[in-house]
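Visitor: One structure is given below, represented as structure tokens, and several questions about it will come after.
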Amino acid sequence: MKEKISIQEKQILVSLITSVLILAIYSLYVYQKYMVGNMAIINDFKFWGKAFLFLIPVSIAAQIIIHIVFAIVNKILTNEDISTISDERDKLIELKSVRISHWIFILGFLLAMGSQAFGMQPWVMFITLIFSGFLASVIAEIAKFYFYRKGI
Amino acid sequence: MGKCIITNNIRKLRFHADEMTQQDLADKTGVTRQTIVAIENGKYFPTLELAFRIALVFNTPLEEVFSFKLEESPKNEKE
């Protein structure tokens with residue numbers, strides 16, 4: 001029998017889609033606003049510093065808004081409340097997925113530092129850092145989904 | 001060392017407790033309904049604390065709720 005998707009699994013899928021969308025839209029916005037016709041900016045440390053600093057609050061705010069919208073839409077469609085408690089299983093799944101994401105980010109960080117050690121352009125390091133952060137968060141969500149579905 | 005198999009009788013115990021719902025059991029033990037579902041389906045093995053809480057709800061010893069069996073590994077079988 002096919003298992004019904006749980007509320008936690010739905011939330012993970014929403015987070016996953018949101019993460020992909022936020023990075024795609026933000027990258028497109030930064031590219032069009034700052035990089036078109038001014039590709040020299042790609043090696044400007046100030047530019048990357050600002051890009052990183054703005055990405056964090058933008059991403060947090062967007063995630064919060066989308067989760068509120070999801071909670072409202074889900075309540076209307078299924079009359080199901082989103083659980084506010086996080087029990088021992090939720091915490092264990094969170095811990096395991098954070099550990100996986102931590103190792104992926106560490107690997108990305110080492111690759112980013114390696115790019116500088118081998119004399120590559122600074123933008124390679126920044127792109128590697130952004131990409132490894134994104135990959136770490138996506139894989140953490142996938143791991144969470146797997147643990148909720150297949151068991152822990 | 002052999003593989004351990006943990007099974008539970010929660011479904012049966014709920015039935016004998018006036019068909020207690022998974023949500024009721026979840027509320028009484030302080031976890032989400034999904035955790036009770038996962039335990040019943042053998043997808044999650046609770047901590048000792050939660051295991052005792054579940055046993056307390058049904059007013060029964062822990063061994064009545066969970067049972068443990070050690071499956072002999074092929075190496076041991078040869079011996």
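For the structure tokens, the naming scheme is as follows: chains receive sequential letters (A, B, ...) according to their order of presentation, residues are indexed from 1 within each chain, and ligands are indexed from 1 in presentation order.
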Each residue of chain B with at least one atom at most 12 Å from chain A should appear once, together with its nearest atom pair and the corresponding distance in Å (one decimal); atoms considered: only C-alpha atoms; ordering: chain, then increasing residue number; output as JSON lines.
Guide:
{"residue": "B:Gln23", "atom": "CA", "partner": "A:Ser83", "partner_atom": "CA", "distance": 11.8}
{"residue": "B:Ala26", "atom": "CA", "partner": "A:Asp87", "partner_atom": "CA", "distance": 10.2}
{"residue": "B:Asp27", "atom": "CA", "partner": "A:Ile85", "partner_atom": "CA", "distance": 10.8}
{"residue": "B:Thr29", "atom": "CA", "partner": "A:Asp87", "partner_atom": "CA", "distance": 10.1}
{"residue": "B:Gly30", "atom": "CA", "partner": "A:Asp87", "partner_atom": "CA", "distance": 7.5}
{"residue": "B:Val31", "atom": "CA", "partner": "A:Asp87", "partner_atom": "CA", "distance": 5.3}
{"residue": "B:Thr32", "atom": "CA", "partner": "A:Asp87", "partner_atom": "CA", "distance": 6.7}
{"residue": "B:Arg33", "atom": "CA", "partner": "A:Ser83", "partner_atom": "CA", "distance": 9.4}
{"residue": "B:Gln34", "atom": "CA", "partner": "A:Ser6", "partner_atom": "CA", "distance": 7.3}
{"residue": "B:Thr35", "atom": "CA", "partner": "A:Arg89", "partner_atom": "CA", "distance": 6.6}
{"residue": "B:Ile36", "atom": "CA", "partner": "A:Arg89", "partner_atom": "CA", "distance": 10.0}
{"residue": "B:Val37", "atom": "CA", "partner": "A:Ser6", "partner_atom": "CA", "distance": 10.4}
{"residue": "B:Ala38", "atom": "CA", "partner": "A:Gly151", "partner_atom": "CA", "distance": 7.1}
{"residue": "B:Ile39", "atom": "CA", "partner": "A:Gly151", "partner_atom": "CA", "distance": 9.2}
{"residue": "B:Glu40", "atom": "CA", "partner": "A:Gly151", "partner_atom": "CA", "distance": 11.4}
{"residue": "B:Asn41", "atom": "CA", "partner": "A:Gly151", "partner_atom": "CA", "distance": 9.2}
{"residue": "B:Gly42", "atom": "CA", "partner": "A:Gly151", "partner_atom": "CA", "distance": 8.0}
{"residue": "B:Lys43", "atom": "CA", "partner": "A:Gly151", "partner_atom": "CA", "distance": 4.2}
{"residue": "B:Tyr44", "atom": "CA", "partner": "A:Ile152", "partner_atom": "CA", "distance": 5.5}
{"residue": "B:Phe45", "atom": "CA", "partner": "A:Ile152", "partner_atom": "CA", "distance": 7.9}
{"residue": "B:Pro46", "atom": "CA", "partner": "A:Arg89", "partner_atom": "CA", "distance": 7.8}
{"residue": "B:Thr47", "atom": "CA", "partner": "A:Glu88", "partner_atom": "CA", "distance": 8.0}
{"residue": "B:Leu48", "atom": "CA", "partner": "A:Glu88", "partner_atom": "CA", "distance": 11.2}
{"residue": "B:Glu49", "atom": "CA", "partner": "A:Glu88", "partner_atom": "CA", "distance": 10.1}
{"residue": "B:Leu50", "atom": "CA", "partner": "A:Glu88", "partner_atom": "CA", "distance": 8.7}
{"residue": "B:Ala51", "atom": "CA", "partner": "A:Glu88", "partner_atom": "CA", "distance": 11.7}
Visitor: Once you have the residues from the selection above, write them out as a tab-separated table (two decimals), in the first residue's frame, restricted to C-alpha atoms.
Guide:
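result.tsv, written as the output of this step:
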chain	number	residue	atom	x	y	z
B	23	GLN	CA	-3.19	10.78	18.21
B	26	ALA	CA	0.87	10.61	20.96
B	27	ASP	CA	-0.75	13.26	23.18
B	29	THR	CA	3.32	10.41	25.59
B	30	GLY	CA	4.26	13.89	24.36
B	31	VAL	CA	5.28	13.00	20.82
B	32	THR	CA	3.78	13.53	17.37
B	33	ARG	CA	1.33	11.09	15.78
B	34	GLN	CA	3.91	10.43	13.05
B	35	THR	CA	6.35	9.12	15.67
B	36	ILE	CA	3.74	6.67	16.97
B	37	VAL	CA	3.08	5.57	13.36
B	38	ALA	CA	6.82	5.07	12.79
B	39	ILE	CA	7.17	3.04	16.03
B	40	GLU	CA	4.18	0.84	15.17
B	41	ASN	CA	5.61	0.18	11.71
B	42	GLY	CA	9.06	-0.64	13.11
B	43	LYS	CA	10.66	2.33	11.38
B	44	TYR	CA	11.78	3.98	14.59
B	45	PHE	CA	12.91	2.52	17.88
B	46	PRO	CA	12.07	4.89	20.74
B	47	THR	CA	14.35	5.89	23.58
B	48	LEU	CA	13.95	4.08	26.86
B	49	GLU	CA	12.10	7.08	28.27
B	50	LEU	CA	9.46	7.02	25.52
B	51	ALA	CA	9.21	3.24	25.68
Visitor: Once DSSP has gone over the backbone, tell me which residues of chain B are in helix (DSSP H, G or I), as a PyMOL selection string.
Guide: chain B and resi 10-16+22-29+33-40+48-57+62-65+74-78
Visitor: Got time to write the residues from that selection, N, CA and C atoms, as a short mmCIF file (atom, residue, chain, number, x, y, z; two decimals), in the first residue's frame?
Guide:
data_model
loop_
_atom_site.label_atom_id
_atom_site.label_comp_id
_atom_site.auth_asym_id
_atom_site.auth_seq_id
_atom_site.Cartn_x
_atom_site.Cartn_y
_atom_site.Cartn_z
N ILE B 10 2.03 -2.39 20.08
CA ILE B 10 1.27 -1.15 20.33
C ILE B 10 -0.11 -1.18 19.67
N ARG B 11 -0.16 -1.68 18.45
CA ARG B 11 -1.44 -1.72 17.73
C ARG B 11 -2.47 -2.53 18.54
N LYS B 12 -2.01 -3.70 19.02
CA LYS B 12 -2.89 -4.60 19.79
C LYS B 12 -3.31 -3.94 21.11
N LEU B 13 -2.34 -3.32 21.76
CA LEU B 13 -2.63 -2.66 23.05
C LEU B 13 -3.61 -1.50 22.86
N ARG B 14 -3.46 -0.78 21.75
CA ARG B 14 -4.40 0.33 21.48
C ARG B 14 -5.81 -0.23 21.28
N PHE B 15 -5.89 -1.36 20.59
CA PHE B 15 -7.18 -1.99 20.33
C PHE B 15 -7.86 -2.37 21.65
N HIS B 16 -7.06 -2.95 22.55
CA HIS B 16 -7.62 -3.36 23.85
C HIS B 16 -7.90 -2.17 24.77
N GLN B 22 -4.04 6.79 17.50
CA GLN B 22 -2.60 7.09 17.51
C GLN B 22 -2.38 8.49 18.06
N GLN B 23 -3.31 9.40 17.74
CA GLN B 23 -3.19 10.78 18.21
C GLN B 23 -3.32 10.85 19.74
N ASP B 24 -4.25 10.04 20.29
CA ASP B 24 -4.43 10.00 21.76
C ASP B 24 -3.15 9.53 22.43
N LEU B 25 -2.58 8.45 21.87
CA LEU B 25 -1.35 7.91 22.44
C LEU B 25 -0.21 8.93 22.32
N ALA B 26 -0.17 9.59 21.18
CA ALA B 26 0.87 10.61 20.96
C ALA B 26 0.73 11.73 21.99
N ASP B 27 -0.51 12.18 22.21
CA ASP B 27 -0.75 13.26 23.18
C ASP B 27 -0.35 12.83 24.59
N LYS B 28 -0.66 11.57 24.92
CA LYS B 28 -0.36 11.08 26.28
C LYS B 28 1.13 10.87 26.50
N THR B 29 1.88 10.66 25.43
CA THR B 29 3.32 10.41 25.59
C THR B 29 4.17 11.61 25.20
N ARG B 33 2.01 12.30 16.26
CA ARG B 33 1.33 11.09 15.78
C ARG B 33 2.23 10.31 14.82
N GLN B 34 3.03 11.07 14.03
CA GLN B 34 3.91 10.43 13.05
C GLN B 34 4.95 9.54 13.73
N THR B 35 5.37 9.94 14.94
CA THR B 35 6.35 9.12 15.67
C THR B 35 5.71 7.81 16.13
N ILE B 36 4.45 7.90 16.57
CA ILE B 36 3.74 6.67 16.97
C ILE B 36 3.58 5.76 15.75
N VAL B 37 3.23 6.35 14.61
CA VAL B 37 3.08 5.57 13.36
C VAL B 37 4.40 4.87 13.03
N ALA B 38 5.50 5.63 13.12
CA ALA B 38 6.82 5.07 12.79
C ALA B 38 7.20 3.94 13.76
N ILE B 39 6.85 4.10 15.04
CA ILE B 39 7.17 3.04 16.03
C ILE B 39 6.35 1.79 15.71
N GLU B 40 5.05 2.00 15.47
CA GLU B 40 4.18 0.84 15.17
C GLU B 40 4.66 0.08 13.95
N LEU B 48 14.49 4.79 25.70
CA LEU B 48 13.95 4.08 26.86
C LEU B 48 12.85 4.89 27.54
N GLU B 49 13.08 6.21 27.62
CA GLU B 49 12.10 7.08 28.27
C GLU B 49 10.73 6.97 27.59
N LEU B 50 10.73 7.09 26.25
CA LEU B 50 9.46 7.02 25.52
C LEU B 50 8.85 5.63 25.62
N ALA B 51 9.71 4.62 25.57
CA ALA B 51 9.21 3.24 25.68
C ALA B 51 8.49 3.06 27.02
N PHE B 52 9.08 3.58 28.09
CA PHE B 52 8.44 3.46 29.41
C PHE B 52 7.16 4.29 29.47
N ARG B 53 7.18 5.44 28.82
CA ARG B 53 5.97 6.28 28.81
C ARG B 53 4.81 5.54 28.13
N ILE B 54 5.14 4.87 27.01
CA ILE B 54 4.10 4.12 26.29
C ILE B 54 3.55 2.99 27.18
N ALA B 55 4.48 2.29 27.83
CA ALA B 55 4.06 1.19 28.71
C ALA B 55 3.17 1.71 29.85
N LEU B 56 3.52 2.90 30.35
CA LEU B 56 2.77 3.51 31.44
C LEU B 56 1.34 3.85 31.00
N VAL B 57 1.20 4.33 29.76
CA VAL B 57 -0.14 4.67 29.25
C VAL B 57 -1.03 3.43 29.26
N LEU B 62 7.01 -3.15 30.39
CA LEU B 62 7.67 -2.82 29.12
C LEU B 62 7.76 -4.02 28.18
N GLU B 63 7.99 -5.20 28.75
CA GLU B 63 8.13 -6.42 27.93
C GLU B 63 6.84 -6.77 27.20
N GLU B 64 5.71 -6.26 27.71
CA GLU B 64 4.44 -6.53 27.04
C GLU B 64 4.28 -5.64 25.80
N VAL B 65 5.00 -4.51 25.84
CA VAL B 65 4.89 -3.56 24.72
C VAL B 65 5.93 -3.88 23.66
N PRO B 74 25.03 -16.00 10.49
CA PRO B 74 25.40 -17.24 9.81
C PRO B 74 26.67 -17.87 10.36
N LYS B 75 27.63 -16.99 10.79
CA LYS B 75 28.91 -17.48 11.32
C LYS B 75 28.67 -18.33 12.58
N ASN B 76 27.80 -17.82 13.46
CA ASN B 76 27.50 -18.53 14.71
C ASN B 76 26.76 -19.84 14.45
N GLU B 77 25.92 -19.83 13.38
CA GLU B 77 25.15 -21.02 13.05
C GLU B 77 26.08 -22.18 12.70
N LYS B 78 27.19 -21.84 11.96
CA LYS B 78 28.15 -22.87 11.55
C LYS B 78 28.82 -23.49 12.77
#
Visitor: I'd like the contact shell of segment 111-118 of chain A - 12 Å cut-off, only C-alpha atoms, skipping same-chain residues fewer than 4 positions apart - returned as a compact mmCIF listing (two decimals) with N, CA and C atoms, in the first residue's frame.
Guide:
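Now in part.txt:
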# COMPACT_ATOMS: atom_id res chain seq x y z
N ILE A 104 29.37 17.94 4.08
CA ILE A 104 29.36 18.41 2.69
C ILE A 104 29.91 19.84 2.62
N PHE A 105 29.50 20.67 3.59
CA PHE A 105 29.99 22.05 3.58
C PHE A 105 31.50 22.10 3.84
N ILE A 106 31.96 21.24 4.76
CA ILE A 106 33.41 21.19 5.05
C ILE A 106 34.18 20.82 3.77
N LEU A 107 33.66 19.85 3.04
CA LEU A 107 34.29 19.42 1.79
C LEU A 107 34.33 20.59 0.79
N PRO A 122 39.83 34.51 -7.45
CA PRO A 122 39.03 34.53 -6.21
C PRO A 122 37.57 34.13 -6.40
N TRP A 123 36.99 34.46 -7.58
CA TRP A 123 35.57 34.14 -7.77
C TRP A 123 35.30 32.64 -7.71
N VAL A 124 36.32 31.83 -8.04
CA VAL A 124 36.14 30.36 -7.98
C VAL A 124 35.86 29.96 -6.52
N MET A 125 36.60 30.59 -5.59
CA MET A 125 36.42 30.28 -4.18
C MET A 125 35.01 30.68 -3.72
N PHE A 126 34.57 31.90 -4.10
CA PHE A 126 33.26 32.36 -3.65
C PHE A 126 32.13 31.52 -4.23
N ILE A 127 32.25 31.19 -5.53
CA ILE A 127 31.21 30.36 -6.16
C ILE A 127 31.19 28.98 -5.49
N THR A 128 32.37 28.43 -5.20
CA THR A 128 32.43 27.11 -4.55
C THR A 128 31.79 27.18 -3.16
N LEU A 129 32.03 28.28 -2.44
CA LEU A 129 31.45 28.42 -1.10
C LEU A 129 29.92 28.50 -1.17
N ILE A 130 29.41 29.32 -2.10
CA ILE A 130 27.95 29.45 -2.24
C ILE A 130 27.36 28.11 -2.65
N PHE A 131 27.98 27.47 -3.63
CA PHE A 131 27.44 26.22 -4.14
C PHE A 131 27.48 25.12 -3.07
N SER A 132 28.58 25.07 -2.29
CA SER A 132 28.65 24.01 -1.27
C SER A 132 27.64 24.27 -0.16
N GLY A 133 27.39 25.54 0.18
CA GLY A 133 26.36 25.86 1.17
C GLY A 133 24.99 25.44 0.69
Visitor: Which distance in Å separates atom CA of Ile5 of chain B and atom CA of Phe68 of chain B, to one decimal?
Guide: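 Interatomic distance, atom CA of Ile5 of chain B to atom CA of Phe68 of chain B: 5.8 Å.
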Visitor: Please indicate the distance in Å from atom CA of Val58 of chain A to atom CA of Ser137 of chain A, rounded to one decimal place.
Guide: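 Computing it gives 15.4 Å between the two atoms.
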Visitor: State, in Å with one decimal place, the distance from atom CA of Phe145 of chain A to atom CA of Ile93 of chain A.
Guide: 9.2 Å
Visitor: Report as a list in words: the residues of chain B with a DSSP assignment of strand (DSSP E), based on the backbone of this structure.
Guide: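 Here are the strand (DSSP E) residues of chain B: Lys3, Cys4, Ile5, Ile6, Thr7, Asn8, Phe66, Ser67, Phe68, Lys69, Leu70 and Glu71 of chain B.
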Visitor: Please write the residues from the selection above to a file, keeping N, CA and C atoms, as a PDB file, in the first residue's frame.
Guide:
ATOM      1  N   LYS B   3      21.953 -10.043  14.480  1.00  0.00           N
ATOM      2  CA  LYS B   3      21.096  -8.883  14.246  1.00  0.00           C
ATOM      3  C   LYS B   3      19.966  -8.864  15.288  1.00  0.00           C
ATOM      4  N   CYS B   4      19.688  -7.683  15.833  1.00  0.00           N
ATOM      5  CA  CYS B   4      18.608  -7.641  16.816  1.00  0.00           C
ATOM      6  C   CYS B   4      17.284  -7.249  16.161  1.00  0.00           C
ATOM      7  N   ILE B   5      16.255  -7.936  16.579  1.00  0.00           N
ATOM      8  CA  ILE B   5      14.924  -7.640  16.028  1.00  0.00           C
ATOM      9  C   ILE B   5      14.027  -7.167  17.170  1.00  0.00           C
ATOM     10  N   ILE B   6      13.540  -5.930  17.025  1.00  0.00           N
ATOM     11  CA  ILE B   6      12.646  -5.390  18.066  1.00  0.00           C
ATOM     12  C   ILE B   6      11.248  -5.275  17.473  1.00  0.00           C
ATOM     13  N   THR B   7      10.305  -5.893  18.121  1.00  0.00           N
ATOM     14  CA  THR B   7       8.924  -5.788  17.643  1.00  0.00           C
ATOM     15  C   THR B   7       8.073  -5.152  18.744  1.00  0.00           C
ATOM     16  N   ASN B   8       6.887  -4.727  18.381  1.00  0.00           N
ATOM     17  CA  ASN B   8       6.027  -4.129  19.408  1.00  0.00           C
ATOM     18  C   ASN B   8       4.573  -4.532  19.237  1.00  0.00           C
ATOM     19  N   PHE B  66       7.171  -4.047  24.103  1.00  0.00           N
ATOM     20  CA  PHE B  66       8.260  -4.310  23.152  1.00  0.00           C
ATOM     21  C   PHE B  66       8.871  -5.680  23.425  1.00  0.00           C
ATOM     22  N   SER B  67       9.249  -6.351  22.360  1.00  0.00           N
ATOM     23  CA  SER B  67       9.985  -7.599  22.568  1.00  0.00           C
ATOM     24  C   SER B  67      11.247  -7.588  21.727  1.00  0.00           C
ATOM     25  N   PHE B  68      12.241  -8.231  22.255  1.00  0.00           N
ATOM     26  CA  PHE B  68      13.569  -8.205  21.646  1.00  0.00           C
ATOM     27  C   PHE B  68      14.018  -9.630  21.347  1.00  0.00           C
ATOM     28  N   LYS B  69      14.518  -9.819  20.106  1.00  0.00           N
ATOM     29  CA  LYS B  69      15.024 -11.145  19.733  1.00  0.00           C
ATOM     30  C   LYS B  69      16.361 -10.962  19.037  1.00  0.00           C
ATOM     31  N   LEU B  70      17.295 -11.819  19.377  1.00  0.00           N
ATOM     32  CA  LEU B  70      18.613 -11.733  18.734  1.00  0.00           C
ATOM     33  C   LEU B  70      18.698 -12.828  17.675  1.00  0.00           C
ATOM     34  N   GLU B  71      18.848 -12.375  16.423  1.00  0.00           N
ATOM     35  CA  GLU B  71      18.931 -13.359  15.326  1.00  0.00           C
ATOM     36  C   GLU B  71      20.371 -13.820  15.201  1.00  0.00           C
TER      37      GLU B  71
END
